[in-house]
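Peer 1: Just passing along the structure, written as structure tokens.
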2 protein chains.
Amino acid sequence: MSKPYVIGMDMGGTNTVFGIVDARGQVIASDSIKTKKHAKFDDYIADLHQAVMRLLEANDAVDKIKGIGIGAPNGNYYTGEIVGAPNLPWGPVVPLAETVSRVFNGIPVAVTNDANAAALGEMTYGAARGMKDFIMITLGTGVGSGIVVNGQLVYGHDGFAGELGHVIMKRNNGRVCGCGRTGCLEAYCSATGVARTAREFLEVRTEPSLLRNLDIEGITSKDVYDAAIAGDKIAKDIFEYTGTILGEAMADMTAFSSPQAFILFGGLTKSGDLLMKPLKEAYDKNVLPIFKGKAKILLSELKESDAAVLGASALGWEAKYRYETPGVHLTTENQTAAPEA
Amino acid sequence: MSKPYVIGMDMGGTNTVFGIVDARGQVIASDSIKTKKHAKFDDYIADLHQAVMRLLEANDAVDKIKGIGIGAPNGNYYTGEIVGAPNLPWGPVVPLAETVSRVFNGIPVAVTNDANAAALGEMTYGAARGMKDFIMITLGTGVGSGIVVNGQLVYGHDGFAGELGHVIMKRNNGRVCGCGRTGCLEAYCSATGVARTAREFLEVRTEPSLLRNLDIEGITSKDVYDAAIAGDKIAKDIFEYTGTILGEAMADMTAFSSPQAFILFGGLTKSGDLLMKPLKEAYDKNVLPIFKGKAKILLSELKESDAAVLGASALGWEAKYRYETPGVHLTTENQTAAPEA
């Protein structure tokens, strides 16, 4: 019997969410564990394994899993490792696919980064269904991207392609970015970038603003949104500034892969036209004439809570990496997912 | 009998060069005609057809052509058209593949732009043999690019992807570019960009320079090269400036597709370390840490005279577009290349 489910896992710095997903993209059941509370990777994996097995047993799915797809920060599709993830405590290189496949008795595992997983989710179940060329941009704490060309994710030579949050938007006097360089897109157009812009604008400008009532150091992009909705001029200008830089960056991305669409995802997209209007204006103004009016700029169609798990699960169907227990050569599909219980 | 040759054509604004190429990438014979002297496209095609047939007959190759590959400015792989090429006089849209296939009695034709053809040439016969992810950059009158991802050229949704000469390198007070916008890479790092930099530097700076002996308006990148080789400080600074901007641009390109290598091609690459040293320094300084030290920066291995024809010919093997004479439905390979003579 061919196995009807995959597991999608979204490993974030704070939580790891996982779900059992069927071939139509229905999340049958899901659960989560804390990521960071485990100082040791092995403890994290033991906890994850236990929680997943509990979910599988409760849903009569123990021996029905075809593969496991994992979206993880700095996850590498080719090696199955997490390499140099700043928000995870387990050292510079974490052998994620190998370890997960081992504890799940050889179920095939595939790993990619979270933005690539989101792109797969949109392509399989969301706004990019049927598209062969699109660019996914995730606007969260950072700016991530997943690029699809000819219907395939762009992994690049080393598996780390698609770091569009780190193209340089200000070559002079740019903001310091988490990557150690200056002027990156992410330093301006992430949720934290919006908060930085707010602090800058409030310092440089003198007009009154609702934002001045808040603890300046603690301002969030949500605060800026609330103030903008209430008509605050500085708050609206902050979104104008953010959207303009993102639109300029996207115009350059089009010169690269001429996508059918950009799909935007993440908390910042909830700001709607506050962000999208200046973004689209800057895009139209900056894109090469031959591309004008072609690429759609869309918002994700997936529920934010489901999107990451769905995206990772899409990778699970084609997962090939399979841990082979020493002495036990796993050759056939049936052998690989023997239930533990 | 399967046909042993293809024809590669490199259509430039001045000359159209074409050659008969075998499966090992040997140019059996080649010739050229003038491009621009034909005010009418039909006259150009008639001249081209006659010249190619003459070459085929002289080489006993009339019925041995499997396909024709054409690299043309703004050539579109999907439609086989030339769209909006500024240096060709035949109107906004030229049905190139259809017309060529028609006059050659239905031989399959494929069209792409010149930089994509160069990338194919490097991948098939040159410095990128065996590479699945690389970026070709052509430094000529303009800056062109051909991007290969997963072993395939990136055409994008509309067939016009890979316009990396038009990413914006100076967002404020950038030079006007031929595309109508300002600050494009091409306005700085093409041969004409180098000449513009020379004029700027000579105007702004006051030191003596060998370049001041020349007609300032007529300065070429070759003049700058000669002066730099002779030890001229301003001339060396011009290459420093050019290489730095190109290295910065390439660092951003790496964030996109993380190529195994960049392959540089065109007249400017003859300046050697004058260009390559600042280029590599700027690349290393600007590339995201995770990519540091990974991508090779190589020069084309193809003879400049052969490269364009070879690249276009590589496309000829897989050409699919085939003109079907009204009333004559060409279905099999043997029917498609009936000799004219």
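By convention in this document, the chains of the structure tokens carry letters A, B, ... by their order, each chain's residues are numbered from 1, and ligands are numbered from 1 in the order they are shown.
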Given a cut-off of 9 Å, which residues of chain B touch chain A, counting only C-alpha atoms, written out as an MDAnalysis selection string?
Peer 2: chainID B and resid 83:84 131:134 147 149:150 152 154:171 179:181 248 251:261 286:291 294:295
Peer 1: DSSP on the backbone: what in segment 1-84 of chain A comes out strand (DSSP E or B), as number ranges by chain?
Peer 2: A: 5-11, 15-22, 27-34, 65-71, 75, 82-83
Peer 1: Can I get the selected residues back with N, CA, C and O atoms, as a short mmCIF file (atom, residue, chain, number, x, y, z; two decimals), in the first residue's frame?
Peer 2:
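The resulting file, selection09.cif, is shown below:
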```cif
data_model
loop_
_atom_site.label_atom_id
_atom_site.label_comp_id
_atom_site.auth_asym_id
_atom_site.auth_seq_id
_atom_site.Cartn_x
_atom_site.Cartn_y
_atom_site.Cartn_z
N TYR A 5 0.12 9.68 3.80
CA TYR A 5 0.40 10.93 4.50
C TYR A 5 1.88 11.32 4.45
O TYR A 5 2.75 10.47 4.23
N VAL A 6 2.12 12.58 4.67
CA VAL A 6 3.47 13.05 4.97
C VAL A 6 3.41 13.87 6.26
O VAL A 6 2.32 14.29 6.69
N ILE A 7 4.57 14.09 6.84
CA ILE A 7 4.65 15.01 7.98
C ILE A 7 5.37 16.27 7.52
O ILE A 7 6.41 16.20 6.86
N GLY A 8 4.77 17.40 7.81
CA GLY A 8 5.44 18.68 7.57
C GLY A 8 5.86 19.27 8.90
O GLY A 8 5.07 19.27 9.85
N MET A 9 7.09 19.74 8.97
CA MET A 9 7.58 20.35 10.21
C MET A 9 8.10 21.74 9.92
O MET A 9 8.88 21.93 8.98
N ASP A 10 7.70 22.68 10.73
CA ASP A 10 8.23 24.04 10.63
C ASP A 10 9.02 24.34 11.89
O ASP A 10 8.44 24.55 12.96
N MET A 11 10.33 24.33 11.76
CA MET A 11 11.18 24.57 12.91
C MET A 11 11.50 26.04 13.02
O MET A 11 12.25 26.59 12.20
N ASN A 15 9.22 27.92 18.42
CA ASN A 15 8.41 26.71 18.38
C ASN A 15 8.73 25.86 17.16
O ASN A 15 9.13 26.37 16.12
N THR A 16 8.52 24.55 17.31
CA THR A 16 8.53 23.66 16.17
C THR A 16 7.10 23.12 16.01
O THR A 16 6.58 22.45 16.90
N VAL A 17 6.49 23.48 14.89
CA VAL A 17 5.12 23.04 14.62
C VAL A 17 5.19 21.91 13.61
O VAL A 17 5.99 21.95 12.68
N PHE A 18 4.36 20.88 13.81
CA PHE A 18 4.36 19.78 12.84
C PHE A 18 2.94 19.29 12.63
O PHE A 18 2.07 19.46 13.48
N GLY A 19 2.71 18.73 11.46
CA GLY A 19 1.37 18.25 11.16
C GLY A 19 1.40 17.05 10.24
O GLY A 19 2.37 16.84 9.51
N ILE A 20 0.34 16.26 10.32
CA ILE A 20 0.14 15.15 9.38
C ILE A 20 -0.70 15.70 8.23
O ILE A 20 -1.75 16.30 8.46
N VAL A 21 -0.22 15.53 7.01
CA VAL A 21 -0.86 16.17 5.86
C VAL A 21 -1.17 15.10 4.82
O VAL A 21 -0.35 14.21 4.57
N ASP A 22 -2.36 15.19 4.22
CA ASP A 22 -2.69 14.22 3.17
C ASP A 22 -2.38 14.80 1.79
O ASP A 22 -1.92 15.93 1.66
N VAL A 27 -4.41 19.42 6.48
CA VAL A 27 -3.68 19.14 7.70
C VAL A 27 -4.60 18.31 8.60
O VAL A 27 -5.55 18.83 9.18
N ILE A 28 -4.33 16.99 8.68
CA ILE A 28 -5.17 16.07 9.44
C ILE A 28 -5.12 16.38 10.93
O ILE A 28 -6.13 16.37 11.63
N ALA A 29 -3.93 16.66 11.40
CA ALA A 29 -3.75 16.96 12.82
C ALA A 29 -2.40 17.64 12.97
O ALA A 29 -1.48 17.39 12.19
N SER A 30 -2.27 18.50 13.97
CA SER A 30 -0.97 19.14 14.17
C SER A 30 -0.73 19.39 15.65
O SER A 30 -1.64 19.35 16.47
N ASP A 31 0.51 19.66 15.97
CA ASP A 31 0.90 19.91 17.35
C ASP A 31 2.23 20.67 17.32
O ASP A 31 2.75 20.95 16.22
N SER A 32 2.75 21.01 18.46
CA SER A 32 4.04 21.72 18.47
C SER A 32 4.80 21.43 19.75
O SER A 32 4.23 20.99 20.74
N ILE A 33 6.09 21.68 19.70
CA ILE A 33 6.92 21.66 20.91
C ILE A 33 7.76 22.93 20.93
O ILE A 33 7.88 23.62 19.91
N LYS A 34 8.33 23.21 22.08
CA LYS A 34 9.24 24.35 22.16
C LYS A 34 10.57 23.96 21.52
O LYS A 34 11.04 22.83 21.69
N ILE A 65 3.20 7.01 6.83
CA ILE A 65 3.94 8.24 6.51
C ILE A 65 4.96 7.97 5.39
O ILE A 65 5.90 7.20 5.54
N LYS A 66 4.75 8.65 4.28
CA LYS A 66 5.63 8.45 3.13
C LYS A 66 6.95 9.21 3.28
O LYS A 66 7.99 8.76 2.80
N GLY A 67 6.89 10.34 3.92
CA GLY A 67 8.12 11.12 4.08
C GLY A 67 7.91 12.26 5.05
O GLY A 67 6.76 12.58 5.41
N ILE A 68 9.00 12.88 5.46
CA ILE A 68 8.95 14.02 6.37
C ILE A 68 9.66 15.19 5.69
O ILE A 68 10.80 15.05 5.23
N GLY A 69 8.97 16.31 5.60
CA GLY A 69 9.60 17.52 5.07
C GLY A 69 9.77 18.53 6.19
O GLY A 69 8.86 18.72 6.99
N ILE A 70 10.93 19.15 6.24
CA ILE A 70 11.22 20.08 7.33
C ILE A 70 11.71 21.42 6.78
O ILE A 70 12.63 21.47 5.97
N GLY A 71 11.05 22.47 7.19
CA GLY A 71 11.56 23.81 6.93
C GLY A 71 12.26 24.31 8.18
O GLY A 71 11.67 24.33 9.25
N GLY A 75 18.29 25.77 6.69
CA GLY A 75 18.24 24.36 6.32
C GLY A 75 18.76 24.17 4.91
O GLY A 75 18.41 24.92 4.01
N ILE A 82 21.41 21.86 9.12
CA ILE A 82 21.23 23.27 9.44
C ILE A 82 22.63 23.85 9.64
O ILE A 82 23.41 23.32 10.43
N VAL A 83 22.93 24.91 8.89
CA VAL A 83 24.30 25.43 8.92
C VAL A 83 24.28 26.89 9.40
O VAL A 83 23.72 27.76 8.74
#
```
Peer 1: Atom CA of Leu55 of chain B to atom CA of Val111 of chain B: how many Å, to one decimal?
Peer 2: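 Interatomic distance here is 20.8 Å.
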Peer 1: Name all residues at most 12 Å from Gln50 of chain B (count only C-alpha atoms; drop same-chain ones fewer than 3 positions away) and give them as a VMD selection string.
Peer 2: chain B and resid 31 to 33 43 to 47 53 to 57 100 103 to 104 340 to 341
Peer 1: Between B:Ser190, B:Thr99, B:Ser305, B:Thr112, which is the closest to Val143 of chain B once you count only C-alpha atoms?
Peer 2: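 Result for the nearest residue to Val143 of chain B: B:Ser190.
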Peer 1: Show me, as a list in words, the residues that have an atom within 8 Å of Pro108 of chain A when counting only C-alpha atoms, minus same-chain residues fewer than 6 positions from it.
Peer 2: Lys66, Gly67, Ile68, Ser101, Gly316, Ala319, Lys320, Tyr321, Arg322, Tyr323 and Thr336 of chain A
Peer 1: Output N, CA, C and O atoms for every residue in the selection just made, as a PDB file, in the first residue's frame.
Peer 2:
```pdb
ATOM      1  N   LYS A  66       4.745   8.645   4.276  1.00  0.00           N
ATOM      2  CA  LYS A  66       5.630   8.454   3.126  1.00  0.00           C
ATOM      3  C   LYS A  66       6.950   9.206   3.281  1.00  0.00           C
ATOM      4  O   LYS A  66       7.995   8.760   2.797  1.00  0.00           O
ATOM      5  N   GLY A  67       6.894  10.344   3.918  1.00  0.00           N
ATOM      6  CA  GLY A  67       8.118  11.121   4.078  1.00  0.00           C
ATOM      7  C   GLY A  67       7.906  12.264   5.051  1.00  0.00           C
ATOM      8  O   GLY A  67       6.762  12.581   5.410  1.00  0.00           O
ATOM      9  N   ILE A  68       9.000  12.879   5.457  1.00  0.00           N
ATOM     10  CA  ILE A  68       8.954  14.018   6.369  1.00  0.00           C
ATOM     11  C   ILE A  68       9.661  15.188   5.693  1.00  0.00           C
ATOM     12  O   ILE A  68      10.797  15.050   5.226  1.00  0.00           O
ATOM     13  N   SER A 101      15.543  11.097  10.325  1.00  0.00           N
ATOM     14  CA  SER A 101      15.273   9.835   9.639  1.00  0.00           C
ATOM     15  C   SER A 101      15.655   8.645  10.534  1.00  0.00           C
ATOM     16  O   SER A 101      14.968   7.625  10.562  1.00  0.00           O
ATOM     17  N   GLY A 316       7.913  16.701   1.719  1.00  0.00           N
ATOM     18  CA  GLY A 316       7.918  15.335   2.251  1.00  0.00           C
ATOM     19  C   GLY A 316       7.601  14.273   1.211  1.00  0.00           C
ATOM     20  O   GLY A 316       8.138  13.166   1.237  1.00  0.00           O
ATOM     21  N   ALA A 319      10.781  13.387  -0.543  1.00  0.00           N
ATOM     22  CA  ALA A 319      11.973  13.216   0.292  1.00  0.00           C
ATOM     23  C   ALA A 319      12.703  11.947  -0.096  1.00  0.00           C
ATOM     24  O   ALA A 319      12.092  10.899  -0.306  1.00  0.00           O
ATOM     25  N   LYS A 320      14.023  12.059  -0.217  1.00  0.00           N
ATOM     26  CA  LYS A 320      14.800  10.892  -0.643  1.00  0.00           C
ATOM     27  C   LYS A 320      15.803  10.470   0.419  1.00  0.00           C
ATOM     28  O   LYS A 320      16.177   9.321   0.500  1.00  0.00           O
ATOM     29  N   TYR A 321      16.263  11.437   1.231  1.00  0.00           N
ATOM     30  CA  TYR A 321      17.291  11.072   2.206  1.00  0.00           C
ATOM     31  C   TYR A 321      16.718  10.105   3.237  1.00  0.00           C
ATOM     32  O   TYR A 321      15.706  10.377   3.871  1.00  0.00           O
ATOM     33  N   ARG A 322      17.376   9.008   3.438  1.00  0.00           N
ATOM     34  CA  ARG A 322      16.857   7.959   4.302  1.00  0.00           C
ATOM     35  C   ARG A 322      18.014   7.438   5.140  1.00  0.00           C
ATOM     36  O   ARG A 322      19.035   7.004   4.598  1.00  0.00           O
ATOM     37  N   TYR A 323      17.866   7.510   6.413  1.00  0.00           N
ATOM     38  CA  TYR A 323      18.925   6.997   7.276  1.00  0.00           C
ATOM     39  C   TYR A 323      18.933   5.484   7.207  1.00  0.00           C
ATOM     40  O   TYR A 323      17.905   4.831   7.359  1.00  0.00           O
ATOM     41  N   THR A 336      10.841   0.879   5.423  1.00  0.00           N
ATOM     42  CA  THR A 336      11.408   2.107   5.954  1.00  0.00           C
ATOM     43  C   THR A 336      10.568   2.734   7.053  1.00  0.00           C
ATOM     44  O   THR A 336      11.067   3.543   7.806  1.00  0.00           O
TER      45      THR A 336
END
```
Peer 1: What is the atom CA of Asn105 of chain B-atom CA of Tyr125 of chain B distance in Å, reported with one decimal?
Peer 2: 28.8 Å
Peer 1: Using DSSP assignments from the backbone, pull out every residue in segment 165-316 of chain B that falls under alpha helix (DSSP H) and give it to me as a PyMOL selection string.
Peer 2: chain B and resi 186-189+191-204+221-229+233-257+273-286+304-316
Peer 1: Could you work out how far atom CA of Gly183 of chain B lies from atom CA of Lys236 of chain A, giving the answer in Å with one decimal?
Peer 2: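 These atoms are spaced 27.9 Å apart.
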Peer 1: When you count only C-alpha atoms, which of these residues is closest to Glu122 of chain B: B:Leu279, B:Thr14, B:Ala110, B:Met136?
Peer 2: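 Among B:Leu279, B:Thr14, B:Ala110, B:Met136, it is B:Met136 that comes nearest to Glu122 of chain B.
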Peer 1: Do you know which residues are at most 12 Å from Tyr188 of chain A counting only C-alpha atoms, after dropping those on the same chain fewer than 2 positions away, and could you put them as JSON, numbers by chain?
Peer 2: {"A": [139, 140, 141, 142, 143, 165, 166, 167, 168, 169, 170, 174, 175, 176, 177, 178, 182, 183, 184, 185, 186, 190, 191, 192, 193, 194, 195, 196, 197, 198, 200, 221, 238, 239, 240, 241, 242, 243, 244, 245, 246, 247, 249]}
